[in-house]
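Structure file target.cif (mmCIF, C-alpha atoms) follows.
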data_run
#
loop_
_atom_site.label_atom_id
_atom_site.label_comp_id
_atom_site.auth_asym_id
_atom_site.auth_seq_id
_atom_site.Cartn_x
_atom_site.Cartn_y
_atom_site.Cartn_z
CA MET A 1 -3.22 16.89 -7.51
CA GLU A 2 -0.80 19.81 -7.29
CA LEU A 3 0.94 20.30 -3.94
CA SER A 4 -0.75 23.66 -3.32
CA ARG A 5 -4.17 22.15 -4.00
CA ILE A 6 -3.40 19.22 -1.71
CA VAL A 7 -2.31 21.54 1.11
CA GLY A 8 -5.40 23.71 0.58
CA SER A 9 -7.69 20.67 0.60
CA VAL A 10 -6.12 19.25 3.75
CA HIS A 11 -6.52 22.61 5.47
CA ALA A 12 -10.15 23.00 4.38
CA ILE A 13 -11.19 19.46 5.37
CA GLY A 14 -9.24 19.65 8.63
CA PHE A 15 -10.87 22.96 9.57
CA ALA A 16 -14.33 21.60 8.70
CA THR A 17 -13.70 18.55 10.90
CA TYR A 18 -12.46 20.84 13.67
CA LYS A 19 -15.70 22.86 13.57
CA GLU A 20 -17.82 19.71 13.38
CA TRP A 21 -16.25 18.18 16.48
CA LEU A 22 -16.31 21.53 18.27
CA ALA A 23 -20.08 21.04 18.51
CA TYR A 24 -19.42 17.77 20.38
CA ARG A 25 -16.52 18.97 22.52
CA SER A 26 -18.16 17.72 25.74
CA HIS A 27 -18.15 14.20 24.26
CA MET A 28 -14.42 14.51 23.59
CA ALA A 29 -13.77 15.97 27.04
CA VAL A 30 -15.14 12.81 28.68
CA SER A 31 -11.98 11.04 27.54
CA LEU A 32 -10.07 13.17 30.07
CA LEU A 33 -11.13 10.62 32.69
CA VAL A 34 -9.67 7.67 30.81
CA GLY A 35 -5.98 8.61 30.89
CA PRO A 36 -5.72 9.47 34.61
CA VAL A 37 -7.75 6.39 35.65
CA TYR A 38 -5.57 4.14 33.47
CA PHE A 39 -2.42 5.69 34.91
CA LEU A 40 -3.62 5.30 38.50
CA THR A 41 -4.35 1.63 37.78
CA GLN A 42 -0.82 1.21 36.46
CA TYR A 43 0.55 3.07 39.48
CA PHE A 44 -1.05 0.70 41.99
CA ILE A 45 -0.11 -2.40 39.97
CA TRP A 46 3.54 -1.47 39.56
CA GLN A 47 3.85 -0.20 43.10
CA SER A 48 2.92 -3.71 44.26
CA VAL A 49 5.21 -5.36 41.70
CA TYR A 50 8.20 -3.24 42.77
CA GLU A 51 7.65 -3.75 46.49
CA GLY A 52 11.02 -4.79 47.90
CA THR A 53 12.62 -4.55 44.46
CA GLY A 54 14.70 -1.66 43.17
CA GLN A 55 14.81 -2.46 39.46
CA ILE A 56 13.06 -4.78 36.99
CA ASN A 57 14.28 -5.27 33.42
CA GLY A 58 16.31 -2.08 33.64
CA PHE A 59 13.38 0.03 34.92
CA THR A 60 13.09 1.56 38.37
CA LEU A 61 9.59 2.28 39.66
CA GLU A 62 10.07 5.97 38.88
CA GLN A 63 11.17 5.17 35.32
CA MET A 64 8.28 2.76 34.84
CA LEU A 65 5.73 5.37 35.91
CA ALA A 66 7.45 7.93 33.68
CA TYR A 67 7.14 5.48 30.76
CA PHE A 68 3.39 5.04 31.25
CA GLY A 69 2.84 8.74 31.89
CA VAL A 70 4.65 9.80 28.71
CA ALA A 71 3.05 7.01 26.65
CA THR A 72 -0.44 7.99 27.82
CA VAL A 73 0.08 11.66 26.96
CA ILE A 74 1.50 10.78 23.52
CA ASN A 75 -1.41 8.45 22.79
CA TYR A 76 -3.85 11.31 23.36
CA PHE A 77 -2.10 13.25 20.61
CA ILE A 78 -1.81 10.41 18.06
CA TYR A 79 -5.29 8.92 18.63
CA ASP A 80 -6.82 7.65 15.40
CA SER A 81 -10.08 6.05 14.25
CA ALA A 82 -9.44 5.81 10.50
CA ASP A 83 -10.04 2.05 10.59
CA TRP A 84 -13.55 2.36 12.06
CA ASN A 85 -14.51 5.31 9.84
CA LEU A 86 -13.45 3.55 6.64
CA GLN A 87 -15.13 0.26 7.50
CA MET A 88 -18.35 2.10 8.36
CA LEU A 89 -18.33 3.84 4.97
CA VAL A 90 -17.77 0.56 3.10
CA ARG A 91 -20.37 -1.36 5.11
CA SER A 92 -23.03 1.34 4.71
CA GLY A 93 -22.33 1.89 1.01
CA LYS A 94 -21.48 5.55 1.55
CA TYR A 95 -17.96 5.04 0.29
CA VAL A 96 -19.27 5.32 -3.30
CA THR A 97 -19.42 9.11 -2.88
CA PHE A 98 -15.69 9.18 -2.13
CA ALA A 99 -14.85 6.90 -5.07
CA LEU A 100 -16.22 9.61 -7.38
CA ARG A 101 -14.15 12.43 -5.89
CA PRO A 102 -10.80 13.61 -7.31
CA MET A 103 -9.13 13.42 -3.89
CA PRO A 104 -8.12 9.90 -2.76
CA HIS A 105 -9.94 8.88 0.39
CA TYR A 106 -6.78 8.27 2.43
CA LEU A 107 -5.87 11.93 2.03
CA TYR A 108 -9.39 12.96 3.05
CA ALA A 109 -9.21 10.65 6.09
CA PHE A 110 -5.83 12.05 7.09
CA SER A 111 -7.18 15.60 6.79
CA GLN A 112 -10.01 14.62 9.10
CA LYS A 113 -7.51 13.29 11.63
CA VAL A 114 -5.55 16.53 11.52
CA GLY A 115 -8.70 18.52 12.25
CA HIS A 116 -9.88 16.12 14.95
CA ARG A 117 -6.51 16.05 16.73
CA THR A 118 -6.13 19.84 16.47
CA LEU A 119 -9.24 20.16 18.61
CA GLY A 120 -8.05 17.24 20.74
CA LEU A 121 -4.82 19.13 21.37
CA ILE A 122 -6.81 21.84 23.12
CA ILE A 123 -9.50 19.79 24.87
CA GLU A 124 -7.58 16.60 25.67
CA PHE A 125 -3.81 16.81 25.23
CA ILE A 126 -3.02 20.06 27.04
CA PRO A 127 -5.24 19.33 30.10
CA ILE A 128 -3.85 15.77 30.36
CA PHE A 129 -0.32 17.12 29.98
CA LEU A 130 -0.88 19.50 32.90
CA ILE A 131 -2.59 16.85 35.05
CA PHE A 132 0.24 14.36 34.57
CA MET A 133 2.95 16.96 35.15
CA PHE A 134 1.54 18.71 38.24
CA ALA A 135 -0.87 16.19 39.80
CA PHE A 136 1.11 12.99 39.16
CA GLY A 137 4.58 14.53 39.11
CA ILE A 138 5.59 12.98 35.76
CA LYS A 139 8.55 14.71 34.16
CA LEU A 140 7.16 15.70 30.77
CA VAL A 141 10.22 17.55 29.52
CA PRO A 142 11.85 15.56 26.70
CA ALA A 143 15.54 14.75 27.00
CA GLN A 144 16.08 15.91 23.40
CA PRO A 145 13.10 18.12 22.42
CA MET A 146 13.76 18.31 18.67
CA TRP A 147 14.04 14.53 18.23
CA ALA A 148 11.06 13.96 20.52
CA VAL A 149 8.86 16.23 18.39
CA ILE A 150 9.99 14.51 15.17
CA SER A 151 9.40 11.07 16.67
CA ILE A 152 5.91 11.95 17.91
CA LEU A 153 4.95 13.39 14.51
CA LEU A 154 6.18 10.20 12.81
CA SER A 155 4.15 8.23 15.35
CA PHE A 156 1.13 10.34 14.41
CA LEU A 157 1.62 9.31 10.78
CA MET A 158 2.38 5.66 11.54
CA ASN A 159 -0.71 5.21 13.68
CA PHE A 160 -2.89 6.61 10.91
CA ILE A 161 -1.24 4.46 8.23
CA VAL A 162 -1.55 1.22 10.23
CA ASN A 163 -5.17 1.91 11.16
CA TYR A 164 -6.07 2.85 7.60
CA CYS A 165 -4.57 -0.44 6.36
CA VAL A 166 -6.80 -2.24 8.87
CA GLY A 167 -9.79 -0.28 7.56
CA LEU A 168 -8.99 -1.35 4.00
CA THR A 169 -9.71 -4.98 4.93
CA ALA A 170 -13.40 -4.03 4.75
CA PHE A 171 -13.18 -4.18 0.95
CA TRP A 172 -12.55 -7.91 1.26
CA LEU A 173 -14.39 -8.80 4.48
CA VAL A 174 -17.15 -6.11 4.55
CA ARG A 175 -18.00 -6.84 8.20
CA ALA A 176 -14.51 -6.82 9.63
CA ASP A 177 -15.29 -5.67 13.18
CA GLY A 178 -13.96 -8.84 14.77
CA VAL A 179 -10.76 -8.81 12.74
CA ARG A 180 -10.30 -5.10 13.44
CA ARG A 181 -10.67 -5.50 17.22
CA VAL A 182 -8.29 -8.46 17.41
CA PHE A 183 -5.72 -6.74 15.22
CA LEU A 184 -5.88 -3.46 17.14
CA LEU A 185 -5.46 -5.32 20.43
CA LEU A 186 -2.36 -7.09 19.07
CA LYS A 187 -1.16 -3.76 17.71
CA ASP A 188 -1.41 -2.09 21.13
CA ILE A 189 0.38 -5.00 22.80
CA SER A 190 3.14 -4.92 20.15
CA ALA A 191 3.39 -1.12 20.39
CA GLY A 192 4.15 -1.15 24.10
CA VAL A 193 0.91 0.43 25.26
CA PHE A 194 0.26 -2.04 28.09
CA ILE A 195 3.82 -2.96 29.03
CA PRO A 196 7.31 -1.90 27.85
CA LEU A 197 8.50 -4.20 25.09
CA THR A 198 11.68 -5.07 27.03
CA PHE A 199 9.49 -7.11 29.41
CA PHE A 200 8.75 -9.66 26.68
CA PRO A 201 10.94 -12.78 26.19
CA GLU A 202 14.05 -12.19 24.07
CA TRP A 203 12.71 -14.04 21.01
CA THR A 204 9.52 -11.97 21.15
CA GLN A 205 11.53 -8.75 21.39
CA LYS A 206 13.48 -9.71 18.28
CA LEU A 207 10.20 -10.23 16.42
CA LEU A 208 8.74 -6.95 17.68
CA PHE A 209 11.92 -5.13 16.68
CA PHE A 210 11.20 -5.85 13.00
CA LEU A 211 7.49 -4.99 13.17
CA PRO A 212 6.24 -1.43 12.60
CA PHE A 213 4.11 -1.25 15.75
CA GLN A 214 6.92 -0.28 18.13
CA PHE A 215 7.17 3.02 16.24
CA ILE A 216 3.65 3.99 17.35
CA THR A 217 4.13 4.14 21.12
CA TYR A 218 7.30 2.46 22.36
CA VAL A 219 9.81 4.36 20.23
CA PRO A 220 8.42 7.90 20.72
CA THR A 221 8.13 7.22 24.45
CA ARG A 222 11.73 6.02 24.70
CA VAL A 223 12.91 8.91 22.52
CA PHE A 224 11.04 11.31 24.83
CA ILE A 225 12.74 9.75 27.86
CA GLY A 226 16.11 9.89 26.11
CA GLU A 227 17.26 6.29 25.61
CA TYR A 228 16.31 3.35 23.39
CA GLU A 229 16.86 -0.37 23.88
CA LEU A 230 15.06 -3.43 22.54
CA ALA A 231 16.05 -7.04 21.84
CA GLY A 232 19.56 -6.28 23.00
CA TYR A 233 19.96 -3.40 20.54
CA SER A 234 20.80 0.00 22.00
CA MET A 235 20.67 2.94 19.62
CA SER A 236 21.26 6.65 19.79
CA ILE A 237 18.16 8.81 19.56
CA PRO A 238 18.92 10.16 16.03
CA THR A 239 19.50 6.60 14.78
CA ILE A 240 16.23 5.14 16.08
CA VAL A 241 14.29 8.17 14.77
CA ALA A 242 15.89 7.56 11.35
CA TYR A 243 14.70 3.94 11.54
CA GLN A 244 11.26 5.23 12.50
CA ALA A 245 11.18 7.53 9.46
CA GLY A 246 12.18 4.66 7.17
CA ALA A 247 9.55 2.33 8.64
CA THR A 248 6.88 5.02 8.25
CA LEU A 249 7.81 5.48 4.59
CA LEU A 250 7.66 1.73 3.94
CA MET A 251 4.25 1.46 5.62
CA ALA A 252 2.99 4.41 3.57
CA ILE A 253 4.02 2.58 0.38
CA LEU A 254 2.25 -0.57 1.62
CA MET A 255 -0.89 1.46 2.36
CA LEU A 256 -0.88 2.93 -1.15
CA LEU A 257 -0.54 -0.56 -2.68
CA LEU A 258 -3.41 -1.90 -0.56
CA TYR A 259 -5.49 1.16 -1.43
CA ARG A 260 -4.94 0.55 -5.14
CA LEU A 261 -5.95 -3.11 -4.79
CA ALA A 262 -9.01 -2.11 -2.76
CA MET A 263 -10.10 0.39 -5.41
CA LYS A 264 -9.81 -2.26 -8.12
CA ARG A 265 -11.95 -4.60 -6.06
CA PHE A 266 -14.46 -1.86 -5.30
CA THR A 267 -14.93 -0.85 -8.94
CA GLY A 268 -14.95 -4.53 -9.93
CA VAL A 269 -18.38 -5.06 -8.36
CA GLY A 270 -20.06 -2.61 -10.75
CA VAL A 271 -20.33 0.51 -8.61
#
Taking this structure as input, can you express it in the form of structure tokens?
Amino acid sequence: MELSRIVGSVHAIGFATYKEWLAYRSHMAVSLLVGPVYFLTQYFIWQSVYEGTGQINGFTLEQMLAYFGVATVINYFIYDSADWNLQMLVRSGKYVTFALRPMPHYLYAFSQKVGHRTLGLIIEFIPIFLIFMFAFGIKLVPAQPMWAVISILLSFLMNFIVNYCVGLTAFWLVRADGVRRVFLLLKDISAGVFIPLTFFPEWTQKLLFFLPFQFITYVPTRVFIGEYELAGYSMSIPTIVAYQAGATLLMAILMLLLYRLAMKRFTGVGV
């Protein structure tokens, strides 16, 4: 497809998804409770952990709360369900309609995410941003705004790519709900959603350093805060963002290879 046609298609599908979810905006707004409740839970846990202690693994209590506050806000923006959507289409047989279209499904799915998160930006992200900044007192001003924006956008792409790869397993497993849930749990742990990655043992940190999952939550959060360190490696913000861009490109290539294999398998069953 020509670039102009691709851009036009992404815009059209994204806008259609935006209007579709606008009808269910109250359903989306319910998620506003999740972030603050999760943060308050973390607040009480870490307040107890830090009692009588000034610093743990290089984090003060204030820095730890800032980490979870920033990570929670970022995760509202990069939220993705491409894995569930794709597996549902394969399991129900509805994917056949996409196999006959000129646009590859991954581009359609990404367009849907753009539309969904555009609405989420208004209904979820901005209110949560304001709640965390003024109610919880989290400093949500990035140390280096330009690099923070680039890192978050790369995180947006990486989260979609990883989840879409998980969704592609449905072409081999069909009912892959169990595999999907286990993998996504491991992904969140490895991304630093539940705890900063520097709290893991050194050998685990070295493993996580070479996996793509840190670029989903941990890296954009540390870039937002203004410093990066993992497995004994300290990097400048431009350097780690460059690594993030390279990892995102490699994962995109892997996704395209898996997609091609999945399409061969799909057409191989006579559909």
Residues near Ala191 of chain A, anyone? I mean within 7 Å using all atoms listed in the file, not counting same-chain ones fewer than 2 positions away, as an MDAnalysis selection string. chainID A and resid 187:189 193 213:218
Where does the PyMOL selection byres ((chain A and resi 143) around 8) land in this file, that is, which residues does it pick, as a list of chain:residue names?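 What the PyMOL selection byres ((chain A and resi 143) around 8) grabs from the file is A:Val141, A:Pro142, A:Gln144, A:Pro145, A:Ala148, A:Val223, A:Phe224, A:Ile225, A:Gly226.
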Go ahead and save the residues from that selection, with C-alpha atoms, as a PDB file, in the coordinates of the input.
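The resulting file, again13.pdb, is shown below:
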ATOM      1  CA  VAL A 141      10.220  17.550  29.520  1.00  0.00           C
ATOM      2  CA  PRO A 142      11.850  15.560  26.700  1.00  0.00           C
ATOM      3  CA  GLN A 144      16.080  15.910  23.400  1.00  0.00           C
ATOM      4  CA  PRO A 145      13.100  18.120  22.420  1.00  0.00           C
ATOM      5  CA  ALA A 148      11.060  13.960  20.520  1.00  0.00           C
ATOM      6  CA  VAL A 223      12.910   8.910  22.520  1.00  0.00           C
ATOM      7  CA  PHE A 224      11.040  11.310  24.830  1.00  0.00           C
ATOM      8  CA  ILE A 225      12.740   9.750  27.860  1.00  0.00           C
ATOM      9  CA  GLY A 226      16.110   9.890  26.110  1.00  0.00           C
TER      10      GLY A 226
END
Expand the PyMOL selection byres ((chain A and resi 234-242) around 9) into the individual residues it matches in the shown file, reporting them as a list in words. Gln144, Trp147, Ala148, Ile150, Ser151, Leu154, Phe215, Val219, Pro220, Arg222, Val223, Gly226, Glu227, Tyr228, Glu229, Leu230, Ala231, Gly232, Tyr233, Tyr243, Gln244, Ala245, Gly246 and Ala247 of chain A
If the PyMOL selection byres ((chain A and resi 32) around 12) is run on the structure shown, which residues does it catch, given as a ChimeraX atom specification? /A:25-31,33-39,72-73,76,120-132
Using only C-alpha atoms, which residues of segment 58-113 of chain A come within 12 Å of segment 251-256 of chain A, and what is the closest atom pair for each, with the distance in Å to one decimal? Give it as a Markdown table, sorted by chain and residue number.
| residue | atom | partner | partner_atom | distance |
| --- | --- | --- | --- | --- |
| A:Pro104 | CA | A:Leu256 | CA | 10.2 |
| A:His105 | CA | A:Leu256 | CA | 10.9 |
| A:Tyr106 | CA | A:Leu256 | CA | 8.7 |
| A:Leu107 | CA | A:Leu256 | CA | 10.8 |
Between A:Arg117, A:Ala99, A:Ala109, A:Thr17, smallest distance to Phe156 of chain A by only C-alpha atoms belongs to A:Arg117
From the block you just saw, export segment 50-74 of chain A: N, CA and C atoms, as an mmCIF file, in the first residue's frame.
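And here's decode-v2.cif as it stands now:
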data_model
loop_
_atom_site.group_PDB
_atom_site.id
_atom_site.type_symbol
_atom_site.label_atom_id
_atom_site.label_comp_id
_atom_site.auth_asym_id
_atom_site.auth_seq_id
_atom_site.Cartn_x
_atom_site.Cartn_y
_atom_site.Cartn_z
ATOM 1 N N TYR A 50 9.360 1.081 54.102
ATOM 2 C CA TYR A 50 10.375 2.108 54.322
ATOM 3 C C TYR A 50 10.409 2.631 55.762
ATOM 4 N N GLU A 51 9.540 2.103 56.618
ATOM 5 C CA GLU A 51 9.508 2.593 57.983
ATOM 6 C C GLU A 51 10.867 2.383 58.665
ATOM 7 N N GLY A 52 11.482 3.463 59.084
ATOM 8 C CA GLY A 52 12.785 3.389 59.732
ATOM 9 C C GLY A 52 13.940 3.249 58.755
ATOM 10 N N THR A 53 13.647 3.300 57.460
ATOM 11 C CA THR A 53 14.683 3.154 56.438
ATOM 12 C C THR A 53 14.613 4.338 55.481
ATOM 13 N N GLY A 54 15.767 4.909 55.179
ATOM 14 C CA GLY A 54 15.776 6.075 54.296
ATOM 15 C C GLY A 54 15.810 5.727 52.828
ATOM 16 N N GLN A 55 16.500 4.622 52.480
ATOM 17 C CA GLN A 55 16.692 4.287 51.075
ATOM 18 C C GLN A 55 16.796 2.773 50.904
ATOM 19 N N ILE A 56 16.173 2.269 49.831
ATOM 20 C CA ILE A 56 16.243 0.840 49.499
ATOM 21 C C ILE A 56 16.563 0.718 48.017
ATOM 22 N N ASN A 57 17.645 -0.004 47.724
ATOM 23 C CA ASN A 57 18.062 -0.216 46.325
ATOM 24 C C ASN A 57 18.140 1.083 45.529
ATOM 25 N N GLY A 58 18.605 2.130 46.191
ATOM 26 C CA GLY A 58 18.786 3.406 45.499
ATOM 27 C C GLY A 58 17.539 4.259 45.405
ATOM 28 N N PHE A 59 16.411 3.788 45.973
ATOM 29 C CA PHE A 59 15.155 4.528 45.932
ATOM 30 C C PHE A 59 14.797 5.029 47.325
ATOM 31 N N THR A 60 14.482 6.313 47.445
ATOM 32 C CA THR A 60 13.852 6.808 48.663
ATOM 33 C C THR A 60 12.351 6.548 48.540
ATOM 34 N N LEU A 61 11.623 6.715 49.629
ATOM 35 C CA LEU A 61 10.173 6.507 49.567
ATOM 36 C C LEU A 61 9.536 7.446 48.558
ATOM 37 N N GLU A 62 9.975 8.697 48.537
ATOM 38 C CA GLU A 62 9.433 9.671 47.591
ATOM 39 C C GLU A 62 9.695 9.247 46.147
ATOM 40 N N GLN A 63 10.907 8.751 45.886
ATOM 41 C CA GLN A 63 11.249 8.301 44.533
ATOM 42 C C GLN A 63 10.467 7.056 44.146
ATOM 43 N N MET A 64 10.251 6.159 45.113
ATOM 44 C CA MET A 64 9.482 4.954 44.839
ATOM 45 C C MET A 64 8.043 5.291 44.470
ATOM 46 N N LEU A 65 7.432 6.199 45.215
ATOM 47 C CA LEU A 65 6.054 6.597 44.922
ATOM 48 C C LEU A 65 5.981 7.327 43.585
ATOM 49 N N ALA A 66 7.024 8.120 43.285
ATOM 50 C CA ALA A 66 7.068 8.799 41.987
ATOM 51 C C ALA A 66 7.147 7.777 40.867
ATOM 52 N N TYR A 67 7.941 6.711 41.074
ATOM 53 C CA TYR A 67 8.064 5.655 40.059
ATOM 54 C C TYR A 67 6.703 5.036 39.763
ATOM 55 N N PHE A 68 5.973 4.643 40.808
ATOM 56 C CA PHE A 68 4.676 3.997 40.596
ATOM 57 C C PHE A 68 3.646 4.977 40.052
ATOM 58 N N GLY A 69 3.714 6.227 40.471
ATOM 59 C CA GLY A 69 2.781 7.214 39.949
ATOM 60 C C GLY A 69 2.981 7.438 38.460
ATOM 61 N N VAL A 70 4.227 7.645 38.047
ATOM 62 C CA VAL A 70 4.545 7.861 36.630
ATOM 63 C C VAL A 70 4.216 6.616 35.816
ATOM 64 N N ALA A 71 4.600 5.432 36.319
ATOM 65 C CA ALA A 71 4.336 4.182 35.599
ATOM 66 C C ALA A 71 2.843 3.959 35.397
ATOM 67 N N THR A 72 2.046 4.258 36.413
ATOM 68 C CA THR A 72 0.595 4.071 36.304
ATOM 69 C C THR A 72 0.000 4.994 35.254
ATOM 70 N N VAL A 73 0.424 6.246 35.248
ATOM 71 C CA VAL A 73 -0.083 7.211 34.268
ATOM 72 C C VAL A 73 0.312 6.791 32.855
ATOM 73 N N ILE A 74 1.563 6.380 32.676
ATOM 74 C CA ILE A 74 2.031 5.936 31.355
ATOM 75 C C ILE A 74 1.241 4.723 30.877
#
